[in-house]
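S.K.: I'd like to ask some things about the structure below.
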Amino acid sequence: MTAMPRYRTDPSPPALATRLRALRTAGVPVACRVYGGLSAPGATSALHARITHAQARAFVAGESAAVPRFEPPPSARQRLLTAASWGRLDGAGPDMTTFPVDLASELWWRVHERARGPLRVPERRLACDLLLRLGYPQQAASVIGLAVIDPRRHVFSPGLAVEELAVLRCHLPSSAVEAMALRGARSGLPAEVRRDLALFVVFRNAARGADSTSMRAAAALATKASSELPQNGFAAALQRARLHRAIAAVPFVRRDISETHRLLGRALESLRTTTPGSAEVDGLAWADEAYALHCFLVRTHLAVGLGQRAIGYAAELAELSPGDDRTWALQGDAFAACGQLEAALEAYGKGVALGGWGAARAAYLRGFVLERLGRVAEAAEDYVLSQRIDPTSSVVPGPEIPADAGRDRRSRGRADLVGVRRR
């Protein structure tokens, strides 16, 4: 199996400034125009962009109460990165009011005006999420009334706890925010809120690959809180899928693959046996959870050398969100892991074609595959393109995964997952 390098980006503010300046002249404009002015999504728009646009339309139409919570986009800086890729650093300012008029749609200004008026709790919840997605954390804090941030004394509001947590992430160290969330999960808040706060802690630890006592405690708290909630209906089925996706990370970081796949099988079953309603946001909510779940399925199968199964799950990602660079990154990784290098080239190429910051990783990995195929001159061009887009990146060798990795645990994991693929 081909060991792909690990592509990393410096998350510091100085590195972001460097990245924005580089994107401005890199010549890889983002094709999707949702984050850069709330223009209508198109064929090149990722699922998270379609969700953002649907949220904006529901917010200005007074339909906030019908909109569920969604997974956050891959970066809170989508607007900044998008504007920079267009050579428009004037679109990266901190205030919605100063966004360039020639880039902003009518919907953009309607959202801006609506967010400044009196809002009820469902509207404040949606406005906060929308402003965070558009990269305006200060205005998001203002719309939910979070003016003073004291991690030692803060008490979560039952109706806005998840939104408060999202804003706090923009201002406080991760360790402080996770400690607050765990404290809230152990408090007397409503079960739904406690579940969501606990799941936040699980997901954050899972992203770091950390097997910690706080992660295990949060998984237990989330399971307990979920047991106190209604179990019937579409929303409950999605939440069960999300819960099992989260707690599957606990055995995964311990490399207990059988238990990981058993829990992921239950998550898939929850999705397979529920049908979204006719409302657009219901369909988006189903797809949103399915996308997050299949991303995890690809990663877990690649981690134990089950590349062919990872390819199958990556195909589901391409169906759910072909405009997302993460889709083609994971599909390319899956093909490369199985030695299907020409197919990997095609997948990474689709990621490059989407433009923007995500094209940097895709270009580097395409170059890596080209080099393995002996096409050295083409590889050099892709390496240069990757550095031109993001000069803050670094690359470390990936581990070589033996072809028989996880063989002793395959049978049970496979049995748990058979028959529960996406419809």
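A note on labels: chains of the structure tokens are A, B, ... as shown, every chain counts residues from 1, and ligands are counted from 1 in their shown order.
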Leaving out A:Glu164 and any residue of its chain fewer than 2 positions from it, which residues lie within 10 Å of it when counting only C-alpha atoms, given as a list in words?
M.R.: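 The residues satisfying every condition are Arg125, Cys128, Asp129, Ala140, Ala141, Ile144, Gly145, Leu146, Ile149, His154, Val155, Phe156, Ser157, Gly159, Leu160, Ala161, Val162, Ala166, Val167, Leu168 and Arg169 of chain A.
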S.K.: For N, CA and C atoms, I'd like the residues from the last selection saved as a PDB file, in the first residue's frame.
M.R.:
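Contents of part.pdb, as written:
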```pdb
ATOM      1  N   ARG A 125     -30.283  32.023  17.591  1.00  0.00           N
ATOM      2  CA  ARG A 125     -29.509  30.802  17.392  1.00  0.00           C
ATOM      3  C   ARG A 125     -29.028  30.674  15.957  1.00  0.00           C
ATOM      4  N   CYS A 128     -26.527  33.487  14.908  1.00  0.00           N
ATOM      5  CA  CYS A 128     -25.192  33.242  15.447  1.00  0.00           C
ATOM      6  C   CYS A 128     -24.440  32.237  14.586  1.00  0.00           C
ATOM      7  N   ASP A 129     -25.084  31.123  14.272  1.00  0.00           N
ATOM      8  CA  ASP A 129     -24.435  30.101  13.456  1.00  0.00           C
ATOM      9  C   ASP A 129     -24.076  30.652  12.082  1.00  0.00           C
ATOM     10  N   ALA A 140     -21.405  37.576  15.845  1.00  0.00           N
ATOM     11  CA  ALA A 140     -22.091  36.382  16.341  1.00  0.00           C
ATOM     12  C   ALA A 140     -22.227  36.436  17.855  1.00  0.00           C
ATOM     13  N   ALA A 141     -21.182  36.878  18.536  1.00  0.00           N
ATOM     14  CA  ALA A 141     -21.243  37.016  19.996  1.00  0.00           C
ATOM     15  C   ALA A 141     -22.277  38.051  20.398  1.00  0.00           C
ATOM     16  N   ILE A 144     -26.085  36.969  20.282  1.00  0.00           N
ATOM     17  CA  ILE A 144     -26.588  36.109  21.370  1.00  0.00           C
ATOM     18  C   ILE A 144     -26.321  36.727  22.741  1.00  0.00           C
ATOM     19  N   GLY A 145     -25.847  37.975  22.744  1.00  0.00           N
ATOM     20  CA  GLY A 145     -25.656  38.680  24.005  1.00  0.00           C
ATOM     21  C   GLY A 145     -24.457  38.238  24.818  1.00  0.00           C
ATOM     22  N   LEU A 146     -23.442  37.698  24.144  1.00  0.00           N
ATOM     23  CA  LEU A 146     -22.250  37.223  24.845  1.00  0.00           C
ATOM     24  C   LEU A 146     -21.188  38.320  24.799  1.00  0.00           C
ATOM     25  N   ILE A 149     -16.685  37.446  28.501  1.00  0.00           N
ATOM     26  CA  ILE A 149     -16.325  36.036  28.488  1.00  0.00           C
ATOM     27  C   ILE A 149     -15.421  35.742  29.676  1.00  0.00           C
ATOM     28  N   HIS A 154     -18.733  31.477  33.599  1.00  0.00           N
ATOM     29  CA  HIS A 154     -19.789  31.465  32.584  1.00  0.00           C
ATOM     30  C   HIS A 154     -20.788  30.338  32.839  1.00  0.00           C
ATOM     31  N   VAL A 155     -22.068  30.682  32.745  1.00  0.00           N
ATOM     32  CA  VAL A 155     -23.155  29.710  32.869  1.00  0.00           C
ATOM     33  C   VAL A 155     -23.890  29.665  31.533  1.00  0.00           C
ATOM     34  N   PHE A 156     -23.981  28.487  30.954  1.00  0.00           N
ATOM     35  CA  PHE A 156     -24.609  28.364  29.649  1.00  0.00           C
ATOM     36  C   PHE A 156     -26.102  28.621  29.727  1.00  0.00           C
ATOM     37  N   SER A 157     -26.614  29.322  28.696  1.00  0.00           N
ATOM     38  CA  SER A 157     -28.048  29.536  28.558  1.00  0.00           C
ATOM     39  C   SER A 157     -28.674  28.286  27.944  1.00  0.00           C
ATOM     40  N   GLY A 159     -31.158  27.759  26.004  1.00  0.00           N
ATOM     41  CA  GLY A 159     -31.569  27.855  24.612  1.00  0.00           C
ATOM     42  C   GLY A 159     -30.456  28.166  23.642  1.00  0.00           C
ATOM     43  N   LEU A 160     -29.295  28.617  24.156  1.00  0.00           N
ATOM     44  CA  LEU A 160     -28.223  29.064  23.269  1.00  0.00           C
ATOM     45  C   LEU A 160     -26.858  28.498  23.655  1.00  0.00           C
ATOM     46  N   ALA A 161     -26.845  27.422  24.423  1.00  0.00           N
ATOM     47  CA  ALA A 161     -25.576  26.890  24.935  1.00  0.00           C
ATOM     48  C   ALA A 161     -24.628  26.477  23.808  1.00  0.00           C
ATOM     49  N   VAL A 162     -25.144  25.810  22.791  1.00  0.00           N
ATOM     50  CA  VAL A 162     -24.295  25.344  21.696  1.00  0.00           C
ATOM     51  C   VAL A 162     -23.702  26.529  20.944  1.00  0.00           C
ATOM     52  N   ALA A 166     -19.761  27.712  20.534  1.00  0.00           N
ATOM     53  CA  ALA A 166     -19.131  27.979  19.235  1.00  0.00           C
ATOM     54  C   ALA A 166     -18.422  29.325  19.232  1.00  0.00           C
ATOM     55  N   VAL A 167     -19.031  30.330  19.857  1.00  0.00           N
ATOM     56  CA  VAL A 167     -18.399  31.648  19.930  1.00  0.00           C
ATOM     57  C   VAL A 167     -17.177  31.595  20.845  1.00  0.00           C
ATOM     58  N   LEU A 168     -17.306  30.910  21.975  1.00  0.00           N
ATOM     59  CA  LEU A 168     -16.192  30.823  22.913  1.00  0.00           C
ATOM     60  C   LEU A 168     -14.962  30.186  22.277  1.00  0.00           C
ATOM     61  N   ARG A 169     -15.175  29.270  21.363  1.00  0.00           N
ATOM     62  CA  ARG A 169     -14.048  28.629  20.658  1.00  0.00           C
ATOM     63  C   ARG A 169     -13.213  29.637  19.893  1.00  0.00           C
TER      64      ARG A 169
END
```
S.K.: Name all residues at most 12 Å from stretch 21-29 of chain A (count only C-alpha atoms; drop same-chain ones fewer than 4 positions away) and give them as an MDAnalysis selection string.
M.R.: chainID A and resid 14:17 33 36 80:92 351:360 363 384:393
S.K.: Keeping N, CA and C atoms for every residue in the selection just given, could you write it to a file as a short mmCIF file (atom, residue, chain, number, x, y, z; two decimals), in the first residue's frame?
M.R.:
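Final file, selection-v5.cif:
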```cif
data_model
loop_
_atom_site.label_atom_id
_atom_site.label_comp_id
_atom_site.auth_asym_id
_atom_site.auth_seq_id
_atom_site.Cartn_x
_atom_site.Cartn_y
_atom_site.Cartn_z
N PRO A 14 -0.32 34.77 12.29
CA PRO A 14 0.64 35.23 11.29
C PRO A 14 0.65 34.36 10.04
N ALA A 15 0.48 33.05 10.24
CA ALA A 15 0.45 32.15 9.08
C ALA A 15 -0.79 32.40 8.24
N LEU A 16 -1.92 32.69 8.89
CA LEU A 16 -3.14 33.01 8.14
C LEU A 16 -2.92 34.24 7.27
N ALA A 17 -2.29 35.26 7.83
CA ALA A 17 -2.02 36.47 7.04
C ALA A 17 -1.14 36.15 5.83
N ARG A 33 -19.45 30.67 -4.88
CA ARG A 33 -19.54 32.08 -4.49
C ARG A 33 -20.46 32.29 -3.28
N GLY A 36 -18.47 34.20 -0.33
CA GLY A 36 -18.05 35.52 -0.75
C GLY A 36 -19.21 36.37 -1.21
N LEU A 80 -12.83 34.64 4.26
CA LEU A 80 -11.53 35.26 4.07
C LEU A 80 -10.73 34.54 2.98
N LEU A 81 -10.73 33.22 3.03
CA LEU A 81 -9.98 32.45 2.05
C LEU A 81 -10.57 32.58 0.65
N THR A 82 -11.91 32.63 0.59
CA THR A 82 -12.57 32.80 -0.70
C THR A 82 -12.25 34.15 -1.31
N ALA A 83 -12.41 35.22 -0.52
CA ALA A 83 -12.14 36.56 -1.02
C ALA A 83 -10.69 36.70 -1.45
N ALA A 84 -9.77 36.15 -0.68
CA ALA A 84 -8.35 36.24 -1.03
C ALA A 84 -8.06 35.52 -2.34
N SER A 85 -8.73 34.39 -2.56
CA SER A 85 -8.49 33.64 -3.81
C SER A 85 -8.97 34.42 -5.03
N TRP A 86 -9.89 35.35 -4.81
CA TRP A 86 -10.36 36.22 -5.89
C TRP A 86 -9.51 37.47 -6.03
N GLY A 87 -8.47 37.59 -5.21
CA GLY A 87 -7.66 38.80 -5.22
C GLY A 87 -8.33 39.97 -4.55
N ARG A 88 -9.29 39.68 -3.66
CA ARG A 88 -10.09 40.73 -3.04
C ARG A 88 -9.94 40.70 -1.52
N LEU A 89 -8.82 41.18 -1.03
CA LEU A 89 -8.63 41.24 0.41
C LEU A 89 -9.56 42.24 1.07
N ASP A 90 -10.21 43.10 0.27
CA ASP A 90 -11.21 44.01 0.84
C ASP A 90 -12.46 43.25 1.29
N GLY A 91 -12.56 41.99 0.89
CA GLY A 91 -13.68 41.17 1.34
C GLY A 91 -13.38 40.38 2.60
N ALA A 92 -12.20 40.63 3.19
CA ALA A 92 -11.78 39.88 4.38
C ALA A 92 -11.86 40.71 5.65
N GLY A 351 -9.92 18.07 -6.85
CA GLY A 351 -9.75 18.98 -5.72
C GLY A 351 -9.04 20.25 -6.13
N VAL A 352 -8.04 20.14 -6.98
CA VAL A 352 -7.33 21.32 -7.47
C VAL A 352 -8.28 22.21 -8.26
N ALA A 353 -9.14 21.60 -9.06
CA ALA A 353 -10.05 22.37 -9.93
C ALA A 353 -11.04 23.21 -9.14
N LEU A 354 -11.33 22.84 -7.89
CA LEU A 354 -12.27 23.62 -7.07
C LEU A 354 -11.66 24.94 -6.62
N GLY A 355 -10.34 25.05 -6.69
CA GLY A 355 -9.67 26.30 -6.36
C GLY A 355 -9.56 26.54 -4.87
N GLY A 356 -8.99 27.70 -4.52
CA GLY A 356 -8.89 28.10 -3.13
C GLY A 356 -7.83 27.36 -2.35
N TRP A 357 -7.91 27.52 -1.04
CA TRP A 357 -6.91 26.96 -0.14
C TRP A 357 -6.83 25.44 -0.22
N GLY A 358 -7.97 24.77 -0.37
CA GLY A 358 -7.97 23.32 -0.43
C GLY A 358 -7.18 22.77 -1.60
N ALA A 359 -6.98 23.59 -2.64
CA ALA A 359 -6.20 23.14 -3.79
C ALA A 359 -4.74 22.92 -3.45
N ALA A 360 -4.25 23.55 -2.36
CA ALA A 360 -2.84 23.40 -2.00
C ALA A 360 -2.52 21.95 -1.63
N ALA A 363 -2.90 19.68 -4.72
CA ALA A 363 -1.78 19.82 -5.66
C ALA A 363 -0.54 19.10 -5.13
N VAL A 384 5.23 23.20 -6.81
CA VAL A 384 5.35 24.67 -6.87
C VAL A 384 3.97 25.31 -6.69
N LEU A 385 2.96 24.76 -7.34
CA LEU A 385 1.61 25.30 -7.21
C LEU A 385 1.14 25.23 -5.76
N SER A 386 1.40 24.10 -5.10
CA SER A 386 0.98 23.94 -3.72
C SER A 386 1.61 25.00 -2.82
N GLN A 387 2.91 25.23 -3.01
CA GLN A 387 3.60 26.24 -2.20
C GLN A 387 3.15 27.65 -2.54
N ARG A 388 2.79 27.86 -3.80
CA ARG A 388 2.31 29.19 -4.20
C ARG A 388 0.98 29.50 -3.52
N ILE A 389 0.14 28.49 -3.35
CA ILE A 389 -1.16 28.69 -2.70
C ILE A 389 -0.99 28.84 -1.19
N ASP A 390 -0.19 27.97 -0.59
CA ASP A 390 -0.04 27.99 0.87
C ASP A 390 1.42 27.75 1.26
N PRO A 391 2.20 28.82 1.42
CA PRO A 391 3.60 28.66 1.81
C PRO A 391 3.80 28.31 3.27
N THR A 392 2.70 28.21 4.05
CA THR A 392 2.83 27.91 5.48
C THR A 392 2.75 26.42 5.77
N SER A 393 2.57 25.61 4.75
CA SER A 393 2.34 24.18 4.97
C SER A 393 3.64 23.45 5.27
#
```
S.K.: Which of stretch 228-410 of chain A end up as strand (DSSP E or B) when DSSP is run on this backbone - answer as a list in words?
M.R.: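 Restricting stretch 228-410 of chain A to strand (DSSP E or B) produces Ser393, Ser394, Val395 and Val396 of chain A.
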S.K.: Please, could you write that set of residues out with N, CA and C atoms as a PDB file, in the first residue's frame?
M.R.:
```pdb
ATOM      1  N   SER A 393       2.566  25.608   4.754  1.00  0.00           N
ATOM      2  CA  SER A 393       2.341  24.182   4.972  1.00  0.00           C
ATOM      3  C   SER A 393       3.637  23.449   5.272  1.00  0.00           C
ATOM      4  N   SER A 394       3.468  22.277   5.848  1.00  0.00           N
ATOM      5  CA  SER A 394       4.596  21.372   6.066  1.00  0.00           C
ATOM      6  C   SER A 394       4.110  19.957   5.794  1.00  0.00           C
ATOM      7  N   VAL A 395       5.044  19.083   5.505  1.00  0.00           N
ATOM      8  CA  VAL A 395       4.696  17.712   5.155  1.00  0.00           C
ATOM      9  C   VAL A 395       5.601  16.764   5.925  1.00  0.00           C
ATOM     10  N   VAL A 396       4.995  15.739   6.515  1.00  0.00           N
ATOM     11  CA  VAL A 396       5.770  14.706   7.201  1.00  0.00           C
ATOM     12  C   VAL A 396       5.418  13.367   6.584  1.00  0.00           C
TER      13      VAL A 396
END
```
S.K.: Identify, on the basis of only C-alpha atoms, every residue whose closest approach to A:Ala207 does not exceed 10 Å; exclude the query and any residue fewer than 5 positions from it along the same chain; express the result as a list in words.
M.R.: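 The filter keeps Val202, Ala249 and Val253 of chain A.
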S.K.: Taking the DSSP assignment computed from this structure's backbone, write out as a PyMOL selection string all residues of stretch 109-148 of chain A that belong to helix (DSSP H, G or I).
M.R.: chain A and resi 109-115+121-133+137-143
S.K.: Can you work out which one of A:Ala3, A:Ala246, A:Leu130, A:Ala379 has the shortest atom-to-atom distance to A:Thr223, counting only C-alpha atoms?
M.R.: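 Result for the nearest residue to A:Thr223: A:Ala246.
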S.K.: Using only C-alpha atoms, determine which residues lie at most 10 Å from A:Arg216, disregarding the query and same-chain residues fewer than 2 positions distant; provide the list as a list in words.
M.R.: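 After dropping sequence-adjacent residues, the list is Ala198, Val201, Val202, Asn205, Asp211, Ser212, Thr213, Ser214, Ala218, Ala219, Ala220, Leu221, Ala222, Ile247, Ala249, Val250 and Pro251 of chain A.
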S.K.: Would you please work out which residue, of A:Leu293, A:Leu306, A:Ala181, A:Leu107, is nearest to A:Phe200 when using only C-alpha atoms?
M.R.: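 Answer, going by the shortest atom-to-atom distance: A:Ala181.
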